[in-house]
file entry-v6.txt (compact mmCIF, C-alpha atoms and all ligand atoms)
# COMPACT_ATOMS: atom_id res chain seq x y z
CA MET A 1 158.44 281.97 192.45
CA ILE A 2 157.34 278.55 193.72
CA ARG A 3 159.51 276.93 196.36
CA GLY A 4 159.88 273.33 197.47
CA SER A 5 161.86 271.37 200.05
CA CYS A 6 162.31 267.88 201.49
CA ALA A 7 160.98 266.85 204.93
CA CYS A 8 164.24 267.57 206.80
CA GLY A 9 164.80 270.89 205.05
CA GLY A 10 168.24 269.91 203.78
CA ILE A 11 167.22 270.16 200.12
CA HIS A 12 165.55 273.27 198.71
CA PHE A 13 164.65 274.20 195.14
CA GLU A 14 162.60 276.77 193.29
CA MET A 15 160.66 277.06 190.05
CA ASP A 16 159.54 280.00 187.97
CA ALA A 17 156.35 278.19 186.95
CA VAL A 18 154.70 274.77 187.03
CA ARG A 19 153.42 273.58 183.65
CA SER A 20 151.02 270.92 184.97
CA LEU A 21 150.19 268.57 187.81
CA THR A 22 149.45 264.89 187.20
CA HIS A 23 148.55 261.91 189.36
CA CYS A 24 150.46 258.64 188.80
CA HIS A 25 148.96 255.38 190.06
CA CYS A 26 151.81 253.08 188.97
CA THR A 27 153.03 250.46 191.42
CA ILE A 28 156.51 251.99 191.71
CA CYS A 29 155.21 255.47 192.55
CA ARG A 30 152.82 254.01 195.10
CA LYS A 31 155.63 252.07 196.79
CA LEU A 32 158.20 254.88 196.68
CA THR A 33 155.78 257.38 198.20
CA GLY A 34 153.92 254.92 200.45
CA ALA A 35 150.75 256.69 199.34
CA SER A 36 147.62 255.75 197.37
CA PHE A 37 149.11 257.52 194.34
CA ALA A 38 151.80 260.09 193.56
CA THR A 39 151.23 263.62 192.30
CA TYR A 40 153.93 265.34 190.24
CA ALA A 41 154.47 268.92 189.21
CA HIS A 42 156.04 269.12 185.74
CA VAL A 43 158.47 272.00 185.32
CA GLU A 44 160.49 273.04 182.28
CA LYS A 45 164.20 272.42 182.88
CA ASP A 46 165.21 276.06 182.49
CA LYS A 47 162.58 277.09 185.05
CA PHE A 48 163.90 274.77 187.79
CA ARG A 49 166.84 275.50 190.13
CA TRP A 50 168.31 273.73 193.15
CA THR A 51 168.95 276.28 195.89
CA SER A 52 170.50 274.05 198.57
CA GLY A 53 171.40 270.51 199.50
CA GLN A 54 171.96 268.99 196.07
CA TYR A 55 174.88 267.03 197.58
CA LEU A 56 172.33 265.19 199.79
CA ILE A 57 170.68 263.47 196.82
CA ASN A 58 170.83 259.69 196.44
CA HIS A 59 169.61 257.89 193.32
CA TYR A 60 167.70 254.69 192.69
CA GLU A 61 167.05 253.21 189.25
CA SER A 62 163.43 252.08 189.63
CA THR A 63 163.23 250.64 186.11
CA PRO A 64 166.02 250.65 183.50
CA GLY A 65 166.69 254.28 182.60
CA SER A 66 164.26 255.70 185.16
CA ILE A 67 166.26 257.38 187.92
CA ARG A 68 164.49 258.37 191.14
CA ALA A 69 166.11 260.82 193.54
CA PHE A 70 165.85 260.93 197.35
CA CYS A 71 167.16 262.95 200.25
CA ARG A 72 169.90 260.94 201.92
CA VAL A 73 168.84 262.24 205.37
CA CYS A 74 165.01 262.10 205.43
CA SER A 75 164.35 259.82 202.40
CA SER A 76 161.86 262.24 200.81
CA MET A 77 161.56 261.65 197.08
CA VAL A 78 162.96 264.80 195.43
CA PRO A 79 162.78 266.17 191.87
CA SER A 80 164.28 264.11 189.06
CA GLN A 81 164.49 264.22 185.30
CA ALA A 82 163.16 261.28 183.30
CA PRO A 83 165.25 260.85 180.12
CA TYR A 84 162.09 260.70 177.97
CA LEU A 85 160.49 263.90 179.33
CA GLU A 86 161.25 267.54 178.53
CA THR A 87 160.34 268.49 182.08
CA VAL A 88 161.62 267.92 185.62
CA SER A 89 159.23 265.78 187.70
CA VAL A 90 158.74 267.38 191.11
CA PRO A 91 156.90 265.32 193.76
CA ALA A 92 154.07 267.74 194.46
CA GLY A 93 154.00 267.03 198.20
CA LEU A 94 157.33 268.88 198.46
CA LEU A 95 155.88 272.19 197.28
CA ASP A 96 155.87 274.93 199.92
CA ASP A 97 153.91 277.36 197.73
CA ASP A 98 150.73 277.02 195.67
CA PRO A 99 151.86 276.16 192.13
CA GLY A 100 148.83 277.98 190.72
CA VAL A 101 147.72 275.01 188.61
CA ARG A 102 145.51 272.07 189.56
CA PRO A 103 145.81 268.35 188.65
CA ARG A 104 145.13 267.74 184.97
CA LEU A 105 144.98 263.96 184.52
CA HIS A 106 145.67 260.46 185.86
CA VAL A 107 148.23 258.03 184.44
CA TYR A 108 148.74 254.31 185.08
CA THR A 109 145.18 253.76 186.26
CA SER A 110 145.72 250.10 185.23
CA SER A 111 147.84 249.69 188.42
CA LYS A 112 145.64 251.79 190.68
CA ALA A 113 145.28 250.67 194.31
CA PRO A 114 142.05 248.65 194.65
CA TRP A 115 141.04 250.63 197.73
CA TRP A 116 141.19 254.00 195.97
CA ASP A 117 138.31 255.18 193.77
CA ILE A 118 139.02 258.04 191.39
CA VAL A 119 136.13 260.42 192.02
CA ASP A 120 137.06 263.35 189.78
CA ASP A 121 136.31 263.75 186.08
CA LEU A 122 139.91 264.28 184.92
CA PRO A 123 141.14 262.27 181.91
CA LYS A 124 142.42 258.78 182.81
CA HIS A 125 145.16 256.90 180.97
CA GLU A 126 145.76 253.18 181.56
CA LYS A 127 149.54 253.67 181.05
CA TRP A 128 151.39 256.77 179.86
CA VAL A 129 149.83 259.72 178.18
CA PRO A 130 150.36 258.68 174.52
CA GLY A 131 153.55 260.31 173.21
CA PHE A 132 154.98 261.08 176.67
CA GLY A 133 156.32 257.65 177.73
CA PRO A 134 159.75 256.02 177.25
CA GLU A 135 158.67 254.57 173.88
CA SER A 136 158.36 258.12 172.50
CA ARG A 137 162.18 258.47 172.50
CA LYS A 138 163.05 255.11 170.95
CA GLY A 139 163.95 254.48 167.34
ZN ZN A 201 165.70 265.77 203.56
ZN ZN A 202 154.37 256.36 188.49
call {"tool": "encode", "arguments": {"input": "entry-v6.txt", "output": "C-alpha cells"}}
result
Amino acid sequence: MIRGSCACGGIHFEMDAVRSLTHCHCTICRKLTGASFATYAHVEKDKFRWTSGQYLINHYESTPGSIRAFCRVCSSMVPSQAPYLETVSVPAGLLDDDPGVRPRLHVYTSSKAPWWDIVDDLPKHEKWVPGFGPESRKG
C-alpha cells in the first residue's frame, strides 16, 4: 500500500501500486506547483482510493477539459483524472511512501524552465508522449 496526503493532512488517499512516474515541464504545471517542473505518479483508477477529505477538494480548469484539483485549506495540488488518460495523476510530492518505481521520462521539454538543465538520460518528449495526449481521444 502506498499512501499520500496534502500539506495540511486534511486529504488522504492510498494506492495499491504506481504504474510510472513522469516529469512534466509544461508552463501550467510549473505555475501550479511553483516548482521547476512537476512529477506525477500514474495510478490505474481501480488501484486508487480516497481515504479522507474528499469534500475539501476544489477544482480549476487549467485548459479546456483539463481539471486540476486542490485542497481548499492548504492549496496543495491533489490527484486528478485527465479525461484522456486511463490513469489518475497523483502529484508525486504528496506521496508519504516510496512508490517503488523511479521517474521514467520527461514531457513538455519545449516549455522547460531556462534555468533548469535536465541531467539524466531519461527519454524526453517536446509535448505529450505520442498517443497519450488529448488528441488521442478525439475523432
Ligand atoms: Zn490540505
Ligand atoms: Zn504539465
call {"tool": "closest_residue", "arguments": {"input": "entry-v6.txt", "among": "A:Met1, A:Cys8, A:Leu21, A:Trp116", "to": "Ala35 of chain A", "atoms": "all atoms listed in the file"}}
result
A:Trp116
call {"tool": "closest_atom_pairs", "arguments": {"input": "entry-v6.txt", "of": "chain A", "to": "ligand ZN 201 (chain A)", "cutoff": "9 Å", "atoms": "all atoms listed in the file", "output": "Markdown table"}}
result
| residue | atom | partner | partner_atom | distance |
| --- | --- | --- | --- | --- |
| A:Ser5 | CA | A:ZN201 | ZN | 7.6 |
| A:Cys6 | CA | A:ZN201 | ZN | 4.5 |
| A:Ala7 | CA | A:ZN201 | ZN | 5.0 |
| A:Cys8 | CA | A:ZN201 | ZN | 4.0 |
| A:Gly9 | CA | A:ZN201 | ZN | 5.4 |
| A:Gly10 | CA | A:ZN201 | ZN | 4.9 |
| A:Ile11 | CA | A:ZN201 | ZN | 5.8 |
| A:His12 | CA | A:ZN201 | ZN | 8.9 |
| A:Gly53 | CA | A:ZN201 | ZN | 8.5 |
| A:Leu56 | CA | A:ZN201 | ZN | 7.6 |
| A:Ile57 | CA | A:ZN201 | ZN | 8.7 |
| A:Phe70 | CA | A:ZN201 | ZN | 7.9 |
| A:Cys71 | CA | A:ZN201 | ZN | 4.6 |
| A:Arg72 | CA | A:ZN201 | ZN | 6.6 |
| A:Val73 | CA | A:ZN201 | ZN | 5.1 |
| A:Cys74 | CA | A:ZN201 | ZN | 4.2 |
| A:Ser75 | CA | A:ZN201 | ZN | 6.2 |
| A:Ser76 | CA | A:ZN201 | ZN | 5.9 |
| A:Met77 | CA | A:ZN201 | ZN | 8.7 |
| A:Val78 | CA | A:ZN201 | ZN | 8.6 |
call {"tool": "closest_residue", "arguments": {"input": "entry-v6.txt", "among": "A:Thr51, A:Ser80, A:Thr33, A:Thr109", "to": "Met15 of chain A", "atoms": "all atoms listed in the file"}}
result
A:Thr51
call {"tool": "atom_distance", "arguments": {"input": "entry-v6.txt", "atom1": "atom CA of Val129 of chain A", "atom2": "atom CA of Val107 of chain A"}}
result
6.7 Å
call {"tool": "closest_residue", "arguments": {"input": "entry-v6.txt", "among": "A:Pro134, A:Gly34, A:Asp46, A:Glu14", "to": "Tyr84 of chain A", "atoms": "all atoms listed in the file"}}
result
A:Pro134
call {"tool": "residues_near_ligand", "arguments": {"input": "entry-v6.txt", "ligand": "ligand ZN 202 (chain A)", "cutoff": "6 Å", "atoms": "all atoms listed in the file", "output": "PDB file with C-alpha atoms, in the frame of the given file"}}
result
ATOM      1  CA  CYS A  24     150.460 258.640 188.800  1.00  0.00           C
ATOM      2  CA  HIS A  25     148.960 255.380 190.060  1.00  0.00           C
ATOM      3  CA  CYS A  26     151.810 253.080 188.970  1.00  0.00           C
ATOM      4  CA  ILE A  28     156.510 251.990 191.710  1.00  0.00           C
ATOM      5  CA  CYS A  29     155.210 255.470 192.550  1.00  0.00           C
TER       6      CYS A  29
END
call {"tool": "atom_distance", "arguments": {"input": "entry-v6.txt", "atom1": "atom CA of Phe13 of chain A", "atom2": "atom CA of Gly131 of chain A"}}
result
28.2 Å
call {"tool": "atom_distance", "arguments": {"input": "entry-v6.txt", "atom1": "atom CA of Trp128 of chain A", "atom2": "atom CA of Ala38 of chain A"}}
result
14.1 Å
call {"tool": "closest_residue", "arguments": {"input": "entry-v6.txt", "among": "A:Arg68, A:Lys124, A:His59, A:Lys31", "to": "Pro91 of chain A", "atoms": "all atoms listed in the file"}}
result
A:Arg68
call {"tool": "residues_around", "arguments": {"input": "entry-v6.txt", "residues": "Lys112 of chain A", "least_positions_apart": "6", "cutoff": "10 Å", "atoms": "only C-alpha atoms", "output": "PyMOL selection string"}}
result
chain A and resi 24-27+30+36-37+106+118+126
call {"tool": "closest_residue", "arguments": {"input": "entry-v6.txt", "among": "A:Leu32, A:Val43, A:His23, A:Pro130", "to": "Pro99 of chain A", "atoms": "all atoms listed in the file"}}
result
A:Val43
call {"tool": "closest_residue", "arguments": {"input": "entry-v6.txt", "among": "A:Ile67, A:Ala92, A:Leu105, A:Ile2", "to": "Pro123 of chain A", "atoms": "all atoms listed in the file"}}
result
A:Leu105
